[in-house]
>>> print(open('structure-v3.txt').read())   # compact mmCIF, C-alpha atoms and all ligand atoms
# COMPACT_ATOMS: atom_id res chain seq x y z
CA MET J 23 0.00 0.00 0.00
CA LYS J 24 1.43 3.34 -1.04
CA ILE J 25 1.21 6.03 1.62
CA ILE J 26 0.82 9.50 0.18
CA THR J 27 0.83 12.69 2.22
CA SER J 28 1.33 15.31 -0.46
CA ILE J 29 -1.52 16.61 -2.62
CA ASN J 30 0.74 16.82 -5.68
CA GLU J 31 1.92 13.26 -5.25
CA MET J 32 -1.68 12.08 -4.89
CA LYS J 33 -2.63 13.92 -8.09
CA GLU J 34 0.34 12.34 -9.86
CA TRP J 35 -0.62 8.83 -8.69
CA SER J 36 -4.20 9.35 -9.90
CA ARG J 37 -3.03 10.77 -13.23
CA LYS J 38 -0.96 7.60 -13.80
CA CYS J 39 -4.02 5.44 -13.05
CA ALA J 40 -6.02 7.40 -15.62
CA LEU J 41 -3.25 7.02 -18.22
CA ASN J 42 -3.27 3.25 -17.60
CA ILE J 43 -7.09 3.25 -17.88
CA LYS J 44 -7.50 1.98 -14.32
CA SER J 45 -10.64 2.99 -12.47
CA VAL J 46 -10.16 4.32 -8.94
CA GLY J 47 -12.59 3.84 -6.06
CA LEU J 48 -12.26 6.26 -3.12
CA VAL J 49 -13.25 5.70 0.51
CA PRO J 50 -12.95 8.98 2.44
CA THR J 51 -12.71 8.63 6.23
CA MET J 52 -11.61 10.43 9.36
CA GLY J 53 -9.74 7.35 10.60
CA TYR J 54 -10.00 5.26 13.79
CA LEU J 55 -11.28 2.63 11.44
CA HIS J 56 -13.84 -0.07 12.21
CA GLU J 57 -15.74 -2.69 10.22
CA GLY J 58 -18.12 -0.03 8.87
CA HIS J 59 -15.23 1.71 7.12
CA LEU J 60 -13.71 -1.58 5.99
CA SER J 61 -17.02 -2.67 4.45
CA LEU J 62 -16.81 0.40 2.19
CA VAL J 63 -13.26 -0.57 1.23
CA ARG J 64 -14.39 -4.10 0.30
CA ILE J 65 -17.20 -2.77 -1.90
CA ALA J 66 -14.83 -0.27 -3.52
CA ARG J 67 -12.32 -3.03 -4.25
CA SER J 68 -14.97 -5.20 -5.86
CA GLU J 69 -16.06 -2.43 -8.24
CA ASN J 70 -12.78 -0.72 -9.23
CA ASP J 71 -9.31 -1.56 -10.50
CA LEU J 72 -7.65 0.37 -7.67
CA THR J 73 -8.79 1.57 -4.26
CA VAL J 74 -7.73 4.69 -2.39
CA ALA J 75 -8.66 5.35 1.24
CA SER J 76 -8.19 8.80 2.73
CA ILE J 77 -7.83 9.68 6.38
CA PHE J 78 -8.30 13.33 7.22
CA VAL J 79 -9.91 14.74 10.36
CA ASN J 80 -11.43 17.67 8.55
CA PRO J 81 -11.39 20.78 10.77
CA THR J 82 -13.97 22.69 8.71
CA GLN J 83 -16.76 20.24 9.55
CA PHE J 84 -16.35 20.63 13.32
CA GLY J 85 -18.05 23.37 15.29
CA GLU J 86 -16.03 25.43 17.78
CA LYS J 87 -17.25 23.48 20.80
CA GLU J 88 -17.08 20.10 19.12
CA ASP J 89 -14.62 17.20 19.44
CA LEU J 90 -11.99 18.06 16.78
CA ASN J 91 -9.12 18.08 19.28
CA VAL J 92 -10.10 14.85 21.00
CA TYR J 93 -11.29 12.94 17.93
CA PRO J 94 -9.89 9.39 18.31
CA ARG J 95 -6.84 8.53 16.22
CA ASP J 96 -4.93 5.32 15.56
CA PRO J 97 -2.70 5.87 12.51
CA GLU J 98 -0.73 2.63 12.82
CA GLY J 99 -3.81 0.45 13.48
CA ASP J 100 -5.60 2.10 10.53
CA ARG J 101 -2.65 1.47 8.23
CA VAL J 102 -2.55 -2.24 9.13
CA LYS J 103 -6.33 -2.61 8.61
CA LEU J 104 -6.31 -0.90 5.23
CA GLU J 105 -3.28 -2.80 4.05
CA SER J 106 -4.86 -6.13 5.00
CA CYS J 107 -8.03 -5.14 3.11
CA GLY J 108 -5.97 -4.62 -0.04
CA VAL J 109 -6.10 -0.82 -0.33
CA ASP J 110 -3.69 0.38 -3.03
CA ALA J 111 -3.02 3.89 -1.76
CA LEU J 112 -3.67 5.68 1.54
CA PHE J 113 -3.95 9.47 1.28
CA LEU J 114 -3.07 11.32 4.49
CA PRO J 115 -3.06 15.06 3.81
CA ASP J 116 -2.54 17.52 6.66
CA ALA J 117 -4.77 20.46 7.52
CA GLU J 118 -2.08 22.94 6.47
CA SER J 119 -1.94 21.61 2.92
CA MET J 120 -5.71 21.26 2.59
CA TYR J 121 -6.54 24.70 4.04
CA GLY J 122 -3.44 26.85 3.81
CA ALA J 123 -3.24 30.50 4.86
CA GLY J 124 -5.84 32.57 3.06
CA TYR J 125 -8.12 29.65 2.22
CA GLU J 126 -11.61 31.03 1.46
CA THR J 127 -13.61 28.77 -0.86
CA PHE J 128 -16.51 26.63 0.40
CA VAL J 129 -19.28 24.53 -1.11
CA GLU J 130 -22.77 24.82 0.31
CA VAL J 131 -25.70 22.52 -0.48
CA GLN J 132 -28.27 24.95 0.75
CA GLN J 133 -31.56 23.22 1.54
CA LEU J 134 -30.44 19.68 2.35
CA SER J 135 -27.92 21.00 4.86
CA LEU J 136 -30.54 22.80 6.94
CA PRO J 137 -32.66 20.23 8.82
CA LEU J 138 -31.69 17.41 11.24
CA CYS J 139 -27.91 17.49 11.95
CA GLY J 140 -27.69 20.85 10.15
CA GLN J 141 -29.79 22.43 12.93
CA SER J 142 -27.45 21.53 15.76
CA ARG J 143 -24.24 21.59 13.69
CA PRO J 144 -24.39 24.79 11.62
CA GLY J 145 -21.65 24.79 8.99
CA HIS J 146 -21.04 21.05 9.35
CA PHE J 147 -22.25 20.03 5.90
CA ARG J 148 -20.51 23.01 4.31
CA GLY J 149 -17.25 21.59 5.69
CA VAL J 150 -18.16 18.08 4.56
CA ALA J 151 -19.14 19.11 1.01
CA THR J 152 -16.00 21.24 0.69
CA VAL J 153 -13.54 18.56 1.78
CA VAL J 154 -15.25 15.88 -0.31
CA LEU J 155 -15.10 18.04 -3.44
CA LYS J 156 -11.43 18.77 -2.72
CA LEU J 157 -10.73 15.03 -2.39
CA PHE J 158 -12.64 14.36 -5.63
CA ASN J 159 -10.60 17.01 -7.43
CA ILE J 160 -7.29 15.67 -6.11
CA ILE J 161 -8.01 11.95 -6.66
CA GLU J 162 -10.54 12.06 -9.53
CA PRO J 163 -12.11 8.75 -8.51
CA ALA J 164 -14.58 7.00 -10.82
CA ARG J 165 -16.61 6.09 -7.75
CA ALA J 166 -16.67 7.13 -4.09
CA TYR J 167 -18.20 5.13 -1.25
CA PHE J 168 -20.12 6.52 1.72
CA GLY J 169 -22.04 4.84 4.54
CA SER J 170 -25.80 5.18 4.94
CA LYS J 171 -25.24 5.59 8.68
CA ASP J 172 -24.50 9.23 7.88
CA TYR J 173 -27.61 9.46 5.73
CA GLN J 174 -27.86 13.24 5.51
CA GLN J 175 -24.17 13.47 4.60
CA LEU J 176 -24.70 10.93 1.80
CA GLN J 177 -27.65 12.93 0.45
CA VAL J 178 -25.72 16.22 0.64
CA ILE J 179 -22.79 14.72 -1.29
CA LYS J 180 -25.06 13.17 -3.93
CA LYS J 181 -26.75 16.54 -4.42
CA MET J 182 -23.45 18.41 -4.66
CA VAL J 183 -22.24 15.96 -7.31
CA ARG J 184 -25.45 16.36 -9.31
CA ASP J 185 -25.57 20.15 -9.01
CA LEU J 186 -21.89 20.72 -9.83
CA ASN J 187 -21.63 18.10 -12.61
CA VAL J 188 -18.90 16.22 -10.78
CA ARG J 189 -17.86 13.07 -12.69
CA THR J 190 -17.46 10.83 -9.62
CA GLU J 191 -20.32 8.42 -8.99
CA VAL J 192 -21.40 8.48 -5.33
CA ILE J 193 -22.34 5.09 -3.92
CA GLY J 194 -24.26 4.65 -0.65
CA CYS J 195 -23.43 1.51 1.33
CA PRO J 196 -25.28 -0.30 4.15
CA THR J 197 -24.79 0.52 7.83
CA ILE J 198 -22.67 -2.04 9.65
CA ARG J 199 -23.78 -2.76 13.22
CA GLU J 200 -22.41 -4.33 16.38
CA ALA J 201 -23.98 -7.66 17.43
CA ASP J 202 -26.55 -5.84 19.61
CA GLY J 203 -27.59 -3.48 16.79
CA LEU J 204 -25.60 -0.34 17.68
CA ALA J 205 -24.31 1.26 14.47
CA MET J 206 -20.51 1.15 14.40
CA SER J 207 -18.94 4.58 14.84
CA SER J 208 -15.52 5.91 15.78
CA ARG J 209 -17.35 7.99 18.41
CA ASN J 210 -18.61 4.84 20.17
CA SER J 211 -15.14 4.80 21.75
CA TYR J 212 -16.19 7.83 23.84
CA LEU J 213 -18.88 5.79 25.60
CA SER J 214 -18.34 4.48 29.13
CA ARG J 215 -19.28 0.88 29.77
CA SER J 216 -22.74 1.83 31.08
CA GLU J 217 -23.33 4.36 28.28
CA ARG J 218 -22.42 1.69 25.74
CA LYS J 219 -25.17 -0.50 27.19
CA GLN J 220 -27.67 2.36 27.05
CA ALA J 221 -26.73 3.17 23.46
CA VAL J 222 -28.49 0.11 22.12
CA CYS J 223 -31.79 1.97 22.65
CA LEU J 224 -31.12 3.93 19.42
CA TYR J 225 -31.38 0.69 17.51
CA GLU J 226 -34.38 -0.42 19.59
CA ALA J 227 -36.14 2.82 18.70
CA LEU J 228 -35.54 2.25 14.98
CA TRP J 229 -36.65 -1.36 15.36
CA LYS J 230 -39.93 -0.14 16.90
CA ALA J 231 -40.45 2.12 13.90
CA GLN J 232 -39.95 -0.85 11.60
CA GLN J 233 -42.53 -2.84 13.55
CA LEU J 234 -45.11 -0.07 13.10
CA PHE J 235 -44.26 0.12 9.40
CA ILE J 236 -44.94 -3.61 9.04
CA THR J 237 -48.41 -3.08 10.55
CA ASN J 238 -49.08 -0.35 7.93
CA GLU J 239 -49.32 2.45 10.50
CA THR J 240 -49.61 5.72 8.57
CA ASP J 241 -49.48 8.30 11.39
CA PRO J 242 -45.90 9.63 11.76
CA ASN J 243 -46.67 10.74 15.33
CA GLU J 244 -47.14 7.11 16.33
CA TYR J 245 -43.65 6.33 15.08
CA VAL J 246 -42.03 9.35 16.69
CA GLY J 247 -43.83 8.62 19.97
CA ALA J 248 -42.70 4.99 19.99
CA MET J 249 -39.10 5.93 19.16
CA LYS J 250 -38.94 8.64 21.84
CA ASP J 251 -40.43 6.16 24.28
CA ALA J 252 -37.62 3.66 23.62
CA ILE J 253 -35.01 6.37 24.18
CA SER J 254 -36.60 7.87 27.28
CA ARG J 255 -36.52 4.48 29.00
CA GLU J 256 -32.80 5.02 29.46
CA PRO J 257 -32.10 7.65 32.12
CA GLY J 258 -29.97 10.66 31.17
CA LEU J 259 -30.25 10.33 27.39
CA SER J 260 -31.41 13.37 25.50
CA PRO J 261 -32.81 13.02 22.01
CA GLU J 262 -31.70 15.87 19.75
CA TYR J 263 -34.11 14.91 17.00
CA VAL J 264 -36.33 11.91 16.29
CA ARG J 265 -38.11 12.16 12.94
CA LEU J 266 -39.87 10.46 10.08
CA VAL J 267 -38.79 12.10 6.84
CA ASP J 268 -38.92 11.82 3.09
CA PRO J 269 -35.63 10.07 2.15
CA ASP J 270 -34.94 12.51 -0.71
CA THR J 271 -35.93 15.89 0.72
CA LEU J 272 -35.38 15.05 4.43
CA LYS J 273 -38.62 16.92 5.18
CA ASP J 274 -41.07 15.55 7.75
CA VAL J 275 -43.79 13.37 6.24
CA SER J 276 -47.42 13.93 7.18
CA VAL J 277 -48.52 10.44 6.12
CA VAL J 278 -46.23 7.42 6.24
CA GLN J 279 -45.85 5.90 2.79
CA ALA J 280 -42.92 3.88 1.48
CA PRO J 281 -40.15 4.84 1.13
CA VAL J 282 -39.75 6.69 4.42
CA LEU J 283 -36.74 7.27 6.65
CA ALA J 284 -36.74 7.04 10.45
CA ILE J 285 -33.77 9.09 11.65
CA LEU J 286 -32.48 10.22 15.01
CA ALA J 287 -29.67 11.89 16.91
CA VAL J 288 -29.24 11.30 20.64
CA ARG J 289 -26.83 12.59 23.25
CA ILE J 290 -25.47 10.08 25.74
CA GLY J 291 -23.41 12.06 28.22
CA GLN J 292 -20.89 14.00 26.13
CA THR J 293 -21.34 11.76 23.09
CA ARG J 294 -23.65 12.47 20.18
CA LEU J 295 -24.76 9.43 18.20
CA ILE J 296 -26.84 9.25 15.01
CA ASP J 297 -28.65 6.42 13.27
CA ASN J 298 -31.44 5.82 10.78
CA VAL J 299 -33.39 3.15 8.96
CA LEU J 300 -34.92 3.31 5.51
CA MET J 301 -38.33 1.62 5.31
CA SER J 302 -39.59 0.68 1.87
P1 LIG D 401 -16.08 8.81 9.29
O1 LIG D 401 -14.69 8.29 9.45
O2 LIG D 401 -16.92 8.68 10.51
O3 LIG D 401 -16.12 10.18 8.66
O4 LIG D 401 -16.78 7.84 8.23
C1 LIG D 401 -16.20 7.61 6.98
C2 LIG D 401 -17.19 6.87 6.13
O5 LIG D 401 -17.53 5.64 6.75
C3 LIG D 401 -18.51 7.64 5.93
O6 LIG D 401 -18.97 7.44 4.61
C4 LIG D 401 -19.42 6.96 6.91
O7 LIG D 401 -20.79 7.03 6.56
C5 LIG D 401 -18.93 5.53 6.83
N1 LIG D 401 -19.33 4.78 8.02
C6 LIG D 401 -19.15 5.15 9.31
N2 LIG D 401 -19.73 4.25 10.13
C7 LIG D 401 -20.29 3.30 9.33
C8 LIG D 401 -21.03 2.12 9.58
N3 LIG D 401 -21.32 1.72 10.83
N4 LIG D 401 -21.43 1.39 8.52
C9 LIG D 401 -21.15 1.79 7.26
N5 LIG D 401 -20.45 2.89 6.96
C10 LIG D 401 -20.03 3.65 7.98
>>> encode(input="structure-v3.txt", output="structure tokens")
Amino acid sequence: MKIITSINEMKEWSRKCALNIKSVGLVPTMGYLHEGHLSLVRIARSENDLTVASIFVNPTQFGEKEDLNVYPRDPEGDRVKLESCGVDALFLPDAESMYGAGYETFVEVQQLSLPLCGQSRPGHFRGVATVVLKLFNIIEPARAYFGSKDYQQLQVIKKMVRDLNVRTEVIGCPTIREADGLAMSSRNSYLSRSERKQAVCLYEALWKAQQLFITNETDPNEYVGAMKDAISREPGLSPEYVRLVDPDTLKDVSVVQAPVLAILAVRIGQTRLIDNVLMS
């Protein structure tokens, strides 16, 4: 696996792939890798000649009071995992080279960035869209792979690509879960042992929504009520949002009809977790 830290060297590597008519699949990450990330790598490998993973803890997508400085990191563990998954190149740019002095250009997907996580994390999706477009411009991948766990992020990136005529195809991949249903996340490492136990209620809430969907319940309030109920059973958890939305617009639905997305964000102590399930 080639390790590349310089933007110019990454561009050069990608240019050579293009000259040799090799398709490149990109898996962008912030590191501290788990099976969710590695599942994206495996899909990318199966659909492209060469696979690039990037690790960059992108400062522009963190709010001032957020966890940028304590975000978990394990560069050596990540390298071993990616190498054993057969990644061809690992791109590790630093913040200085990505956003040097005087940097001032940002991408904003206006409407899709507003609801849900956009409400509590203003500027977050602007940072995400900007760094993803930069990575696409540097690496020029044929395809890029994103997890459905970050559903709003996936929709924002798909929209940016459509609106700006970017050539990369954006591919959404399934959410990988722990045995008890908790969606894998680098931020799960923040949870204490008791918080980790409580965290399974996010999945239980989504499971309840799926049960109502199977019974053809059409009232979104029934779903939201049942999901909030599952979360409030655990003391000290505060739901940030619990919603039933249209999977394309992310707007609340007034009648539940397939396809519909149950989506939530919950704070457990200092940790903010998100999850969702698409019902169709
Ligand atoms: P992150 O390192 O958290 O920025 O995530 C990098 C990529 O991995 C994003 O596309 C995420 O949606 C994806 N990802 C994170 N957790 C999971 C998971 N549990 N299952 C599938 N993909 C995931």
>>> residues_around(input="structure-v3.txt", residues="Leu259 in chain J", least_positions_apart="5", cutoff="7 Å", atoms="all atoms listed in the file", output="PyMOL selection string")
chain J and resi 253-254+288-290
>>> axis_aligned_box(input="structure-v3.txt", around="ligand LIG 401 (chain D)", padding_each_side="4 Å", output="lines of an AutoDock Vina configuration file")
center_x = -18.1
center_y = 5.8
center_z = 7.7
size_x = 14.7
size_y = 16.8
size_z = 14.2
>>> residues_around(input="structure-v3.txt", residues="Gly247 in chain J", least_positions_apart="6", cutoff="12 Å", atoms="only C-alpha atoms", output="list in words")
Ala227, Leu228, Lys230, Ala231, Leu234, Asp241, Ile253, Ser254, Tyr263, Val264, Arg265, Leu266 and Ala284 of chain J
>>> closest_residue(input="structure-v3.txt", among="J:Val282, J:Leu134, J:Ala75, J:Cys39", to="ligand LIG 401 (chain D)", atoms="only C-alpha atoms and all ligand atoms")
J:Ala75
>>> atom_distance(input="structure-v3.txt", atom1="CA of Leu295 in chain J", atom2="CA of Thr190 in chain J")
28.8 Å
>>> residues_near_ligand(input="structure-v3.txt", ligand="ligand LIG 401 (chain D)", cutoff="7 Å", atoms="only C-alpha atoms and all ligand atoms", output="number ranges by chain")
J: 49-53, 55, 58-59, 61-62, 167-172, 195-199, 205-208
>>> atom_distance(input="structure-v3.txt", atom1="CA of Arg95 in chain J", atom2="CA of Gly124 in chain J")
27.4 Å
>>> residues_around(input="structure-v3.txt", residues="Val109 in chain J", least_positions_apart="6", cutoff="7 Å", atoms="only C-alpha atoms", output="number ranges by chain")
J: 23, 73-75
>>> write_last_selection(input="structure-v3.txt", atoms="C-alpha atoms", output="PDB file, in the coordinates of the input")
ATOM      1  CA  MET J  23       0.000   0.000   0.000  1.00  0.00           C
ATOM      2  CA  THR J  73      -8.790   1.570  -4.260  1.00  0.00           C
ATOM      3  CA  VAL J  74      -7.730   4.690  -2.390  1.00  0.00           C
ATOM      4  CA  ALA J  75      -8.660   5.350   1.240  1.00  0.00           C
TER       5      ALA J  75
END
>>> residues_around(input="structure-v3.txt", residues="Asp71 in chain J", least_positions_apart="4", cutoff="12 Å", atoms="all atoms listed in the file", output="list in words")
Cys39, Ala40, Asn42, Ile43, Lys44, Ser45, Val46, Gly47, Leu48, Ile65, Ala66, Arg67, Gly108, Val109, Asp110, Pro163, Ala164 and Arg165 of chain J
